[in-house]
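One file, structure_23.pdb, is given below (PDB, C-alpha atoms).
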```
MODEL        1
ATOM      1  CA  MET W 288     143.714  79.304 217.025
ATOM      2  CA  LEU W 289     143.888  81.757 219.946
ATOM      3  CA  ARG W 290     147.628  81.224 220.259
ATOM      4  CA  PHE W 291     148.012  81.839 216.537
ATOM      5  CA  VAL W 292     146.076  85.135 216.725
ATOM      6  CA  VAL W 293     147.939  86.367 219.830
ATOM      7  CA  LYS W 294     151.269  85.676 218.132
ATOM      8  CA  LYS W 295     150.255  87.683 215.059
ATOM      9  CA  VAL W 296     148.930  90.595 217.124
ATOM     10  CA  LEU W 297     152.155  90.830 219.158
ATOM     11  CA  LEU W 298     154.183  90.804 215.944
ATOM     12  CA  ALA W 299     151.957  93.559 214.552
ATOM     13  CA  LEU W 300     152.417  95.714 217.656
ATOM     14  CA  SER W 301     156.193  95.365 217.481
ATOM     15  CA  THR W 302     156.092  96.377 213.817
ATOM     16  CA  LEU W 303     154.027  99.473 214.606
ATOM     17  CA  PHE W 304     156.457 100.412 217.370
ATOM     18  CA  ALA W 305     159.378 100.189 214.932
ATOM     19  CA  VAL W 306     157.497 102.300 212.392
ATOM     20  CA  SER W 307     156.753 104.944 215.023
ATOM     21  CA  VAL W 308     160.434 105.174 215.998
ATOM     22  CA  VAL W 309     161.582 105.489 212.380
ATOM     23  CA  THR W 310     158.854 108.010 211.560
ATOM     24  CA  PHE W 311     159.680 110.149 214.582
ATOM     25  CA  GLY W 312     163.352 109.960 213.654
ATOM     26  CA  LEU W 313     162.528 111.329 210.197
ATOM     27  CA  PHE W 314     160.895 114.277 211.932
ATOM     28  CA  PHE W 315     164.332 115.380 213.135
ATOM     29  CA  ALA W 316     166.024 114.512 209.837
ATOM     30  CA  VAL W 317     164.323 117.461 208.118
ATOM     31  CA  PRO W 318     167.074 119.956 207.192
ATOM     32  CA  ASN W 319     164.988 122.944 208.330
ATOM     33  CA  ASN W 320     164.178 123.752 211.921
ATOM     34  CA  PRO W 321     160.444 123.070 212.421
ATOM     35  CA  ALA W 322     160.163 126.328 214.358
ATOM     36  CA  GLU W 323     161.544 128.214 211.352
ATOM     37  CA  LEU W 324     159.007 126.516 209.087
ATOM     38  CA  MET W 325     156.182 127.720 211.320
ATOM     39  CA  CYS W 326     157.673 131.176 211.666
ATOM     40  CA  GLY W 327     157.813 131.901 207.931
ATOM     41  CA  ASP W 328     160.435 133.033 205.433
ATOM     42  CA  SER W 329     160.856 136.630 206.491
ATOM     43  CA  LYS W 330     164.103 137.145 208.434
ATOM     44  CA  ASN W 331     162.685 140.270 210.019
ATOM     45  CA  VAL W 332     159.749 138.403 211.505
ATOM     46  CA  CYS W 333     161.639 135.211 212.360
ATOM     47  CA  SER W 334     163.953 136.603 214.953
ATOM     48  CA  PRO W 335     165.856 134.208 217.235
ATOM     49  CA  GLU W 336     163.538 135.193 220.077
ATOM     50  CA  ARG W 337     160.422 134.340 218.073
ATOM     51  CA  ILE W 338     161.899 130.978 216.962
ATOM     52  CA  GLU W 339     162.685 130.177 220.597
ATOM     53  CA  MET W 340     159.115 131.057 221.583
ATOM     54  CA  ILE W 341     157.703 128.772 218.879
ATOM     55  CA  GLU W 342     159.964 125.934 220.031
ATOM     56  CA  ARG W 343     158.613 126.294 223.570
ATOM     57  CA  ARG W 344     155.042 126.484 222.272
ATOM     58  CA  MET W 345     155.449 123.274 220.256
ATOM     59  CA  GLY W 346     157.513 121.487 222.889
ATOM     60  CA  LEU W 347     160.506 121.265 220.542
ATOM     61  CA  ASP W 348     162.951 122.534 223.158
ATOM     62  CA  ARG W 349     162.871 119.246 225.059
ATOM     63  CA  PRO W 350     165.179 116.216 224.501
ATOM     64  CA  ILE W 351     164.273 113.937 221.596
ATOM     65  CA  VAL W 352     163.583 110.916 223.791
ATOM     66  CA  VAL W 353     161.223 112.975 225.968
ATOM     67  CA  GLN W 354     159.429 114.303 222.889
ATOM     68  CA  TYR W 355     158.953 110.773 221.551
ATOM     69  CA  GLY W 356     157.566 109.608 224.878
ATOM     70  CA  ASP W 357     155.177 112.567 224.948
ATOM     71  CA  PHE W 358     154.105 111.882 221.365
ATOM     72  CA  MET W 359     153.275 108.221 222.031
ATOM     73  CA  ARG W 360     151.538 108.996 225.302
ATOM     74  CA  GLY W 361     149.473 111.688 223.608
ATOM     75  CA  ILE W 362     148.067 109.181 221.137
ATOM     76  CA  PHE W 363     146.503 107.160 223.947
ATOM     77  CA  VAL W 364     145.811 109.623 226.782
ATOM     78  CA  GLY W 365     146.403 113.075 225.307
ATOM     79  CA  ARG W 366     149.061 115.576 226.330
ATOM     80  CA  THR W 367     149.894 119.221 226.943
ATOM     81  CA  ILE W 368     152.050 120.762 224.214
ATOM     82  CA  GLY W 369     154.366 123.578 225.241
ATOM     83  CA  SER W 370     154.863 125.123 228.641
ATOM     84  CA  GLY W 371     153.886 128.199 230.575
ATOM     85  CA  GLU W 372     151.581 130.680 228.864
ATOM     86  CA  THR W 373     152.010 128.914 225.506
ATOM     87  CA  ALA W 374     150.829 125.505 226.790
ATOM     88  CA  ARG W 375     147.929 123.936 224.870
ATOM     89  CA  ASP W 376     145.871 120.881 225.687
ATOM     90  CA  CYS W 377     145.735 118.217 222.986
ATOM     91  CA  PRO W 378     143.175 115.499 223.778
ATOM     92  CA  ALA W 379     143.680 111.894 222.736
ATOM     93  CA  PRO W 380     144.414 110.814 220.125
ATOM     94  CA  CYS W 381     146.859 113.717 219.975
ATOM     95  CA  LEU W 382     148.961 113.847 216.813
ATOM     96  CA  GLY W 383     150.257 117.376 217.262
ATOM     97  CA  PHE W 384     149.536 120.583 215.358
ATOM     98  CA  SER W 385     150.162 121.413 211.714
ATOM     99  CA  PHE W 386     153.242 123.539 211.070
ATOM    100  CA  ARG W 387     151.451 125.473 208.338
ATOM    101  CA  SER W 388     147.904 126.010 209.608
ATOM    102  CA  ASP W 389     148.468 125.367 213.349
ATOM    103  CA  GLU W 390     145.348 123.162 213.178
ATOM    104  CA  PRO W 391     145.181 119.950 215.238
ATOM    105  CA  VAL W 392     146.373 117.071 213.056
ATOM    106  CA  THR W 393     143.631 114.864 214.474
ATOM    107  CA  GLY W 394     141.039 117.215 212.987
ATOM    108  CA  ILE W 395     142.745 117.143 209.585
ATOM    109  CA  VAL W 396     142.907 113.341 209.583
ATOM    110  CA  GLY W 397     139.313 113.081 210.810
ATOM    111  CA  ARG W 398     138.185 115.274 207.913
ATOM    112  CA  THR W 399     140.127 113.507 205.148
ATOM    113  CA  LEU W 400     140.090 109.859 206.271
ATOM    114  CA  PRO W 401     136.348 109.324 205.543
ATOM    115  CA  VAL W 402     136.990 110.357 201.931
ATOM    116  CA  THR W 403     139.657 107.685 201.493
ATOM    117  CA  LEU W 404     137.575 105.074 203.325
ATOM    118  CA  SER W 405     134.600 105.830 201.077
ATOM    119  CA  ILE W 406     136.665 105.365 197.921
ATOM    120  CA  VAL W 407     138.549 102.250 199.001
ATOM    121  CA  PHE W 408     135.762 100.174 200.547
ATOM    122  CA  GLY W 409     133.369 100.831 197.682
ATOM    123  CA  ALA W 410     136.034 100.065 195.090
ATOM    124  CA  ALA W 411     137.021  96.908 196.987
ATOM    125  CA  VAL W 412     133.475  95.584 196.731
ATOM    126  CA  VAL W 413     133.552  96.246 192.988
ATOM    127  CA  TRP W 414     136.903  94.624 192.281
ATOM    128  CA  LEU W 415     136.263  91.584 194.488
ATOM    129  CA  VAL W 416     132.740  90.820 193.285
ATOM    130  CA  LEU W 417     133.440  91.600 189.639
ATOM    131  CA  GLY W 418     136.954  90.179 189.418
ATOM    132  CA  VAL W 419     136.431  86.946 191.363
ATOM    133  CA  SER W 420     133.086  86.224 189.687
ATOM    134  CA  ILE W 421     134.439  86.697 186.176
ATOM    135  CA  GLY W 422     137.580  84.710 186.960
ATOM    136  CA  MET W 423     135.703  81.750 188.426
ATOM    137  CA  VAL W 424     133.122  81.593 185.634
ATOM    138  CA  SER W 425     135.866  81.966 183.039
ATOM    139  CA  ALA W 426     137.726  78.996 184.535
ATOM    140  CA  LEU W 427     134.608  76.838 184.541
ATOM    141  CA  ARG W 428     133.948  77.769 180.879
ATOM    142  CA  ARG W 429     137.512  77.525 179.688
ATOM    143  CA  GLY W 430     137.936  77.950 175.941
ATOM    144  CA  THR W 431     134.499  79.478 175.346
ATOM    145  CA  VAL W 432     133.754  82.915 173.924
ATOM    146  CA  PHE W 433     133.097  84.218 177.440
ATOM    147  CA  ASP W 434     136.515  82.997 178.551
ATOM    148  CA  ARG W 435     138.284  84.709 175.643
ATOM    149  CA  LEU W 436     136.433  87.972 176.215
ATOM    150  CA  ALA W 437     137.155  87.870 179.941
ATOM    151  CA  VAL W 438     140.861  87.231 179.402
ATOM    152  CA  GLY W 439     141.100  89.986 176.792
ATOM    153  CA  THR W 440     139.238  92.509 178.947
ATOM    154  CA  SER W 441     141.364  91.701 181.983
ATOM    155  CA  LEU W 442     144.557  92.243 179.978
ATOM    156  CA  VAL W 443     143.306  95.649 178.839
ATOM    157  CA  GLY W 444     142.220  96.602 182.346
ATOM    158  CA  ALA W 445     145.479  95.478 183.945
ATOM    159  CA  SER W 446     147.466  97.510 181.399
ATOM    160  CA  MET W 447     145.517 100.768 181.729
ATOM    161  CA  PRO W 448     146.637 103.278 184.385
ATOM    162  CA  ILE W 449     144.018 105.185 186.338
ATOM    163  CA  LEU W 450     145.640 108.425 185.191
ATOM    164  CA  LEU W 451     144.219 107.569 181.754
ATOM    165  CA  PHE W 452     141.067 105.654 182.669
ATOM    166  CA  GLY W 453     139.824 108.229 185.195
ATOM    167  CA  PRO W 454     139.882 111.214 182.813
ATOM    168  CA  LEU W 455     138.271 109.064 180.090
ATOM    169  CA  LEU W 456     135.371 108.346 182.455
ATOM    170  CA  LEU W 457     135.053 112.033 183.287
ATOM    171  CA  ILE W 458     135.053 112.998 179.603
ATOM    172  CA  GLY W 459     132.591 110.291 178.567
ATOM    173  CA  LEU W 460     130.138 110.351 181.488
ATOM    174  CA  VAL W 461     130.404 113.914 182.786
ATOM    175  CA  TYR W 462     131.599 116.427 180.204
ATOM    176  CA  GLU W 463     130.282 114.954 176.932
ATOM    177  CA  THR W 464     127.058 113.135 177.855
ATOM    178  CA  GLY W 465     126.157 114.698 181.189
ATOM    179  CA  LEU W 466     124.987 111.331 182.538
ATOM    180  CA  LEU W 467     126.715 112.058 185.850
ATOM    181  CA  ASN W 468     127.576 115.237 187.686
ATOM    182  CA  TYR W 469     131.170 116.069 188.471
ATOM    183  CA  PRO W 470     131.960 114.160 191.691
ATOM    184  CA  ARG W 471     131.947 116.320 194.824
ATOM    185  CA  TYR W 472     132.323 114.532 198.121
ATOM    186  CA  THR W 473     129.384 114.674 200.518
ATOM    187  CA  PRO W 474     129.655 112.953 203.927
ATOM    188  CA  LEU W 475     127.611 109.787 204.202
ATOM    189  CA  THR W 476     125.926 111.025 207.369
ATOM    190  CA  GLU W 477     124.686 114.193 205.670
ATOM    191  CA  ASN W 478     123.232 112.790 202.461
ATOM    192  CA  PRO W 479     123.693 109.077 201.625
ATOM    193  CA  VAL W 480     122.320 109.505 198.096
ATOM    194  CA  ALA W 481     124.662 112.374 197.245
ATOM    195  CA  TRP W 482     127.551 110.451 198.832
ATOM    196  CA  ALA W 483     126.913 107.350 196.717
ATOM    197  CA  THR W 484     126.388 109.395 193.549
ATOM    198  CA  ALA W 485     129.701 111.187 194.001
ATOM    199  CA  MET W 486     131.506 107.900 194.608
ATOM    200  CA  ILE W 487     130.287 106.103 191.468
ATOM    201  CA  LEU W 488     133.146 107.223 189.214
ATOM    202  CA  PRO W 489     136.057 106.598 191.628
ATOM    203  CA  TRP W 490     134.494 103.289 192.673
ATOM    204  CA  PHE W 491     134.205 102.101 189.092
ATOM    205  CA  ALA W 492     137.600 103.468 188.009
ATOM    206  CA  LEU W 493     139.587 101.930 190.860
ATOM    207  CA  GLY W 494     137.379  98.847 191.095
ATOM    208  CA  PHE W 495     137.404  97.980 187.387
ATOM    209  CA  LEU W 496     141.158  98.326 186.978
ATOM    210  CA  ASN W 497     141.827  96.151 190.029
ATOM    211  CA  SER W 498     139.155  93.627 189.062
ATOM    212  CA  ALA W 499     141.212  92.797 185.979
ATOM    213  CA  THR W 500     144.035  91.520 188.182
ATOM    214  CA  TYR W 501     141.643  89.559 190.391
ATOM    215  CA  ALA W 502     139.909  88.020 187.380
ATOM    216  CA  ARG W 503     143.205  86.685 186.031
ATOM    217  CA  LEU W 504     144.308  85.457 189.452
ATOM    218  CA  SER W 505     140.951  83.818 190.190
ATOM    219  CA  ARG W 506     140.882  82.086 186.811
ATOM    220  CA  ALA W 507     144.418  80.728 187.208
ATOM    221  CA  GLN W 508     143.795  79.514 190.755
ATOM    222  CA  MET W 509     140.482  77.882 189.849
ATOM    223  CA  LEU W 510     141.995  76.074 186.871
ATOM    224  CA  GLU W 511     144.818  74.779 189.051
ATOM    225  CA  THR W 512     142.392  73.666 191.758
ATOM    226  CA  LEU W 513     140.095  71.873 189.314
ATOM    227  CA  SER W 514     143.003  69.624 188.330
ATOM    228  CA  GLU W 515     143.658  68.544 191.929
ATOM    229  CA  ASP W 516     142.970  64.992 193.088
ATOM    230  CA  PHE W 517     140.412  65.963 195.722
ATOM    231  CA  VAL W 518     138.242  67.652 193.065
ATOM    232  CA  ARG W 519     138.374  64.598 190.841
ATOM    233  CA  THR W 520     137.489  62.440 193.851
ATOM    234  CA  ALA W 521     134.507  64.661 194.661
ATOM    235  CA  ARG W 522     133.301  64.329 191.087
ATOM    236  CA  ALA W 523     133.781  60.563 191.165
ATOM    237  CA  LYS W 524     131.611  60.354 194.272
ATOM    238  CA  GLY W 525     128.784  61.889 192.261
ATOM    239  CA  LEU W 526     128.551  65.130 194.232
ATOM    240  CA  ALA W 527     126.554  67.931 192.667
ATOM    241  CA  LYS W 528     128.500  70.492 190.634
ATOM    242  CA  ILE W 529     127.563  73.308 192.997
ATOM    243  CA  THR W 530     129.047  71.310 195.871
ATOM    244  CA  VAL W 531     132.217  70.384 193.999
ATOM    245  CA  TYR W 532     132.860  73.883 192.684
ATOM    246  CA  GLY W 533     131.400  76.002 195.475
ATOM    247  CA  ARG W 534     132.371  74.092 198.598
ATOM    248  CA  HIS W 535     135.570  72.299 197.644
ATOM    249  CA  ALA W 536     137.242  73.967 194.655
ATOM    250  CA  LEU W 537     136.352  77.559 195.542
ATOM    251  CA  ARG W 538     137.585  77.231 199.124
ATOM    252  CA  ALA W 539     140.980  75.998 197.969
ATOM    253  CA  ALA W 540     141.268  78.584 195.205
ATOM    254  CA  ILE W 541     140.238  81.562 197.331
ATOM    255  CA  THR W 542     143.185  81.520 199.775
ATOM    256  CA  PRO W 543     145.732  83.358 197.542
ATOM    257  CA  ILE W 544     143.024  85.862 196.625
ATOM    258  CA  ILE W 545     142.449  86.614 200.315
ATOM    259  CA  THR W 546     146.135  87.394 200.698
ATOM    260  CA  ILE W 547     146.272  89.787 197.749
ATOM    261  CA  ALA W 548     142.969  91.426 198.677
ATOM    262  CA  GLY W 549     144.073  92.105 202.249
ATOM    263  CA  LEU W 550     147.372  93.631 201.170
ATOM    264  CA  ASP W 551     145.695  95.769 198.504
ATOM    265  CA  LEU W 552     143.060  96.968 200.939
ATOM    266  CA  GLY W 553     145.646  97.930 203.547
ATOM    267  CA  ALA W 554     147.801  99.736 200.987
ATOM    268  CA  TYR W 555     144.894 101.694 199.489
ATOM    269  CA  LEU W 556     143.581 102.683 202.923
ATOM    270  CA  GLY W 557     146.941 104.336 203.497
ATOM    271  CA  GLY W 558     146.099 106.724 200.683
ATOM    272  CA  THR W 559     144.797 106.729 197.118
ATOM    273  CA  VAL W 560     146.745 109.728 195.883
ATOM    274  CA  ILE W 561     146.160 109.307 192.147
ATOM    275  CA  THR W 562     142.453 108.489 192.407
ATOM    276  CA  GLU W 563     141.829 111.411 194.741
ATOM    277  CA  THR W 564     143.749 113.782 192.478
ATOM    278  CA  VAL W 565     142.027 112.661 189.272
ATOM    279  CA  PHE W 566     138.530 113.114 190.712
ATOM    280  CA  GLY W 567     139.278 116.178 192.830
ATOM    281  CA  PHE W 568     138.850 114.644 196.297
ATOM    282  CA  THR W 569     140.926 115.663 199.285
ATOM    283  CA  GLY W 570     141.544 112.406 201.078
ATOM    284  CA  LEU W 571     144.326 111.018 203.212
ATOM    285  CA  GLY W 572     146.685 110.354 200.307
ATOM    286  CA  ARG W 573     146.416 113.813 198.785
ATOM    287  CA  THR W 574     146.766 115.407 202.220
ATOM    288  CA  ALA W 575     149.939 113.407 202.890
ATOM    289  CA  LEU W 576     151.398 114.420 199.529
ATOM    290  CA  ASN W 577     150.733 118.124 200.125
ATOM    291  CA  ALA W 578     152.156 117.868 203.636
ATOM    292  CA  ALA W 579     155.346 116.234 202.330
ATOM    293  CA  LEU W 580     155.779 118.963 199.722
ATOM    294  CA  ASN W 581     155.296 121.648 202.393
ATOM    295  CA  LEU W 582     157.460 119.845 204.991
ATOM    296  CA  ASP W 583     154.489 119.770 207.349
ATOM    297  CA  MET W 584     155.988 116.955 209.387
ATOM    298  CA  PRO W 585     153.233 116.416 212.007
ATOM    299  CA  ILE W 586     150.768 115.597 209.197
ATOM    300  CA  VAL W 587     153.355 113.419 207.440
ATOM    301  CA  MET W 588     154.018 111.523 210.669
ATOM    302  CA  ALA W 589     150.309 111.030 211.327
ATOM    303  CA  THR W 590     149.534 109.768 207.820
ATOM    304  CA  VAL W 591     152.553 107.424 207.779
ATOM    305  CA  LEU W 592     151.579 105.942 211.138
ATOM    306  CA  LEU W 593     147.959 105.580 210.064
ATOM    307  CA  ALA W 594     148.990 103.916 206.814
ATOM    308  CA  ALA W 595     151.207 101.535 208.790
ATOM    309  CA  VAL W 596     148.292 100.674 211.082
ATOM    310  CA  PHE W 597     146.118  99.839 208.074
ATOM    311  CA  VAL W 598     148.784  97.689 206.410
ATOM    312  CA  VAL W 599     149.663  95.813 209.613
ATOM    313  CA  ALA W 600     146.000  95.309 210.521
ATOM    314  CA  ALA W 601     145.307  94.015 207.018
ATOM    315  CA  ASN W 602     148.186  91.542 207.329
ATOM    316  CA  VAL W 603     146.889  90.260 210.671
ATOM    317  CA  LEU W 604     143.383  89.920 209.236
ATOM    318  CA  VAL W 605     144.721  88.048 206.202
ATOM    319  CA  ASP W 606     146.682  85.645 208.406
ATOM    320  CA  VAL W 607     143.614  84.946 210.544
ATOM    321  CA  LEU W 608     141.342  84.449 207.542
ATOM    322  CA  TYR W 609     143.960  82.254 205.918
ATOM    323  CA  ALA W 610     144.007  80.059 209.007
ATOM    324  CA  VAL W 611     140.215  79.892 209.034
ATOM    325  CA  VAL W 612     140.008  78.906 205.378
ATOM    326  CA  ASP W 613     143.020  76.569 205.383
ATOM    327  CA  PRO W 614     143.498  74.553 208.631
ATOM    328  CA  ARG W 615     147.001  73.569 207.511
ATOM    329  CA  VAL W 616     148.168  77.087 208.398
ATOM    330  CA  ARG W 617     147.097  76.647 212.015
ATOM    331  CA  LEU W 618     148.798  73.269 212.212
ATOM    332  CA  GLY W 619     151.973  74.684 210.746
TER     333      GLY W 619
ENDMDL
END
```

If you convert what's in this file into structure tokens, what do you get?
Amino acid sequence: MLRFVVKKVLLALSTLFAVSVVTFGLFFAVPNNPAELMCGDSKNVCSPERIEMIERRMGLDRPIVVQYGDFMRGIFVGRTIGSGETARDCPAPCLGFSFRSDEPVTGIVGRTLPVTLSIVFGAAVVWLVLGVSIGMVSALRRGTVFDRLAVGTSLVGASMPILLFGPLLLIGLVYETGLLNYPRYTPLTENPVAWATAMILPWFALGFLNSATYARLSRAQMLETLSEDFVRTARAKGLAKITVYGRHALRAAITPIITIAGLDLGAYLGGTVITETVFGFTGLGRTALNAALNLDMPIVMATVLLAAVFVVAANVLVDVLYAVVDPRVRLG
């Protein structure tokens, strides 16, 4: 098992290295000079001398390979950006400074990442608990009224985009009935009650729509597992239903769900642009979108790298969990 985990971690690190190289290469693929972006649009203000000064201040006057080495080193141990009187200390993890606001990128990410984490983890609990539970029960009661309702609801949920479902929730629960206040993000450490209250709508919107997919997947996997020989053997031995379904059938049916859940979680942690936009939150996804539109490359680079870390980490976690649940993976 240890050898299996080490192999996956080394593969993940090599993937992150490749992503960092490609992302840093895109930094220099921008048609505009980053120094000109920081200087502004006025030709009178952006004189060649001022552009040269900004390049020195941002460390853009050094060779590309040296800049990449400084960037990677800054993530782990920090670095000094610029030289001479314009030099600035950037403590680890240093991700540079925004071209537009000249604010440390680490501060921007630290302010927006908790918003995305709050949305994704809460929604993940909703879609896993709701979707898997409905799917499993529906499979065990195949052909009943509950099964038909569950299948119909999951089809509706899987077909409805959050761009439609989110505003419908706002209209029905906020504007028309006043049952909930308009969601405004409050940090968990400041006021847990206000934080949870603000997260109810995005949790339910993202969680319900994803639970439809998990309900269908869980139902299909459980039905397939119940027809396997080992389940019939367990029944023939006279084992209790809770043992047959909970210990044997569920364990075999849950492995594909773990895979999909890990990939979804990693992807959503990289940014939930639509959900954040619909409910007015400024999270990692919305920040990355605004940075891309404004060609604020340090923020784009930071968010891409962070999203890659989440996706790669989720893949490693899925592989490990898969091996724990299914010993055949370790043997293979």

Option closest in space to Thr473 (chain W), from W:Arg290, W:Phe433, W:Gly553, W:Val402 [counting only C-alpha atoms]:
W:Val402

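Between Thr520 (chain W) and the residues W:Ala536, W:Ala507, W:Met486, W:Met359, the shortest atom-to-atom distance, using all atoms listed in the file, involves W:Ala536.
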
Skip Thr373 (chain W) itself and residues of its chain fewer than 4 positions away, then list as JSON, numbers by chain all residues within 8 Å of it, counting all atoms listed in the file.
{"W": [343, 344, 369]}

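Interatomic distance, CA of Val596 (chain W) to CA of Ala322 (chain W): 28.5 Å.
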
How many Å lie between CA of Tyr555 (chain W) and CA of Ala601 (chain W), rounded to one decimal?
10.8 Å

Check which residues satisfy the PyMOL selection byres ((chain W and resi 404-408) around 10) in the file shown, then give them as a ChimeraX atom specification.
/W:399-403,409-413,472,474-475,482-483,485-491,493-494,551-559,562-563,568,570-571

Assuming the chain letters and numbering stay as they are in my file, what does the PyMOL selection byres ((chain W and resi 436-438) around 8) actually select? List them as a PyMOL selection string.
chain W and resi 421-422+425+432-435+439-442+502-503

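Across the structure, CA of Ile368 (chain W) and CA of Thr569 (chain W) are spaced 27.8 Å apart.
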
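Closest approach to Pro470 (chain W) among W:Gly567, W:Gly453, W:Pro543, W:Gly312 is made by W:Gly567 (distances from only C-alpha atoms).
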
W:Asp376, W:Asp583, W:Glu323, W:Glu463 ranked by distance to Glu342 (chain W), top pick (using all atoms listed in the file)
W:Glu323

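On the file presented, the PyMOL selection byres ((chain W and resi 579) around 12) picks out Leu313, Phe314, Val317, Ser385, Phe386, Arg387, Gly572, Arg573, Thr574, Ala575, Leu576, Asn577, Ala578, Leu580, Asn581, Leu582, Asp583, Met584, Pro585, Ile586, Val587, Met588, Ala589, Thr590 and Val591 of chain W.
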
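Residue nearest Lys528 (chain W) within the list W:Met325, W:Leu513, W:Ile561, W:Phe291: W:Leu513 [criterion: smallest interatomic distance, only C-alpha atoms].
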
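Between Gly533 (chain W) and the residues W:Val598, W:Met340, W:Met423, W:Val296, the shortest atom-to-atom distance, using all atoms listed in the file, involves W:Met423.
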
Taking (157.1, 114.0, 224.2) in the file's coordinates, which residues come within 12 Å, counting all atoms listed in the file, written as an NGL selection string?
:W and (311 or 345-362 or 365-369 or 381-383)

Dump of C-alpha atoms for the selected residues, as a PDB file, keeping the file's coordinate frame:
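Contents of selection04.pdb, freshly written:
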```pdb
ATOM      1  CA  PHE W 311     159.680 110.149 214.582  1.00  0.00           C
ATOM      2  CA  MET W 345     155.449 123.274 220.256  1.00  0.00           C
ATOM      3  CA  GLY W 346     157.513 121.487 222.889  1.00  0.00           C
ATOM      4  CA  LEU W 347     160.506 121.265 220.542  1.00  0.00           C
ATOM      5  CA  ASP W 348     162.951 122.534 223.158  1.00  0.00           C
ATOM      6  CA  ARG W 349     162.871 119.246 225.059  1.00  0.00           C
ATOM      7  CA  PRO W 350     165.179 116.216 224.501  1.00  0.00           C
ATOM      8  CA  ILE W 351     164.273 113.937 221.596  1.00  0.00           C
ATOM      9  CA  VAL W 352     163.583 110.916 223.791  1.00  0.00           C
ATOM     10  CA  VAL W 353     161.223 112.975 225.968  1.00  0.00           C
ATOM     11  CA  GLN W 354     159.429 114.303 222.889  1.00  0.00           C
ATOM     12  CA  TYR W 355     158.953 110.773 221.551  1.00  0.00           C
ATOM     13  CA  GLY W 356     157.566 109.608 224.878  1.00  0.00           C
ATOM     14  CA  ASP W 357     155.177 112.567 224.948  1.00  0.00           C
ATOM     15  CA  PHE W 358     154.105 111.882 221.365  1.00  0.00           C
ATOM     16  CA  MET W 359     153.275 108.221 222.031  1.00  0.00           C
ATOM     17  CA  ARG W 360     151.538 108.996 225.302  1.00  0.00           C
ATOM     18  CA  GLY W 361     149.473 111.688 223.608  1.00  0.00           C
ATOM     19  CA  ILE W 362     148.067 109.181 221.137  1.00  0.00           C
ATOM     20  CA  GLY W 365     146.403 113.075 225.307  1.00  0.00           C
ATOM     21  CA  ARG W 366     149.061 115.576 226.330  1.00  0.00           C
ATOM     22  CA  THR W 367     149.894 119.221 226.943  1.00  0.00           C
ATOM     23  CA  ILE W 368     152.050 120.762 224.214  1.00  0.00           C
ATOM     24  CA  GLY W 369     154.366 123.578 225.241  1.00  0.00           C
ATOM     25  CA  CYS W 381     146.859 113.717 219.975  1.00  0.00           C
ATOM     26  CA  LEU W 382     148.961 113.847 216.813  1.00  0.00           C
ATOM     27  CA  GLY W 383     150.257 117.376 217.262  1.00  0.00           C
TER      28      GLY W 383
END
```
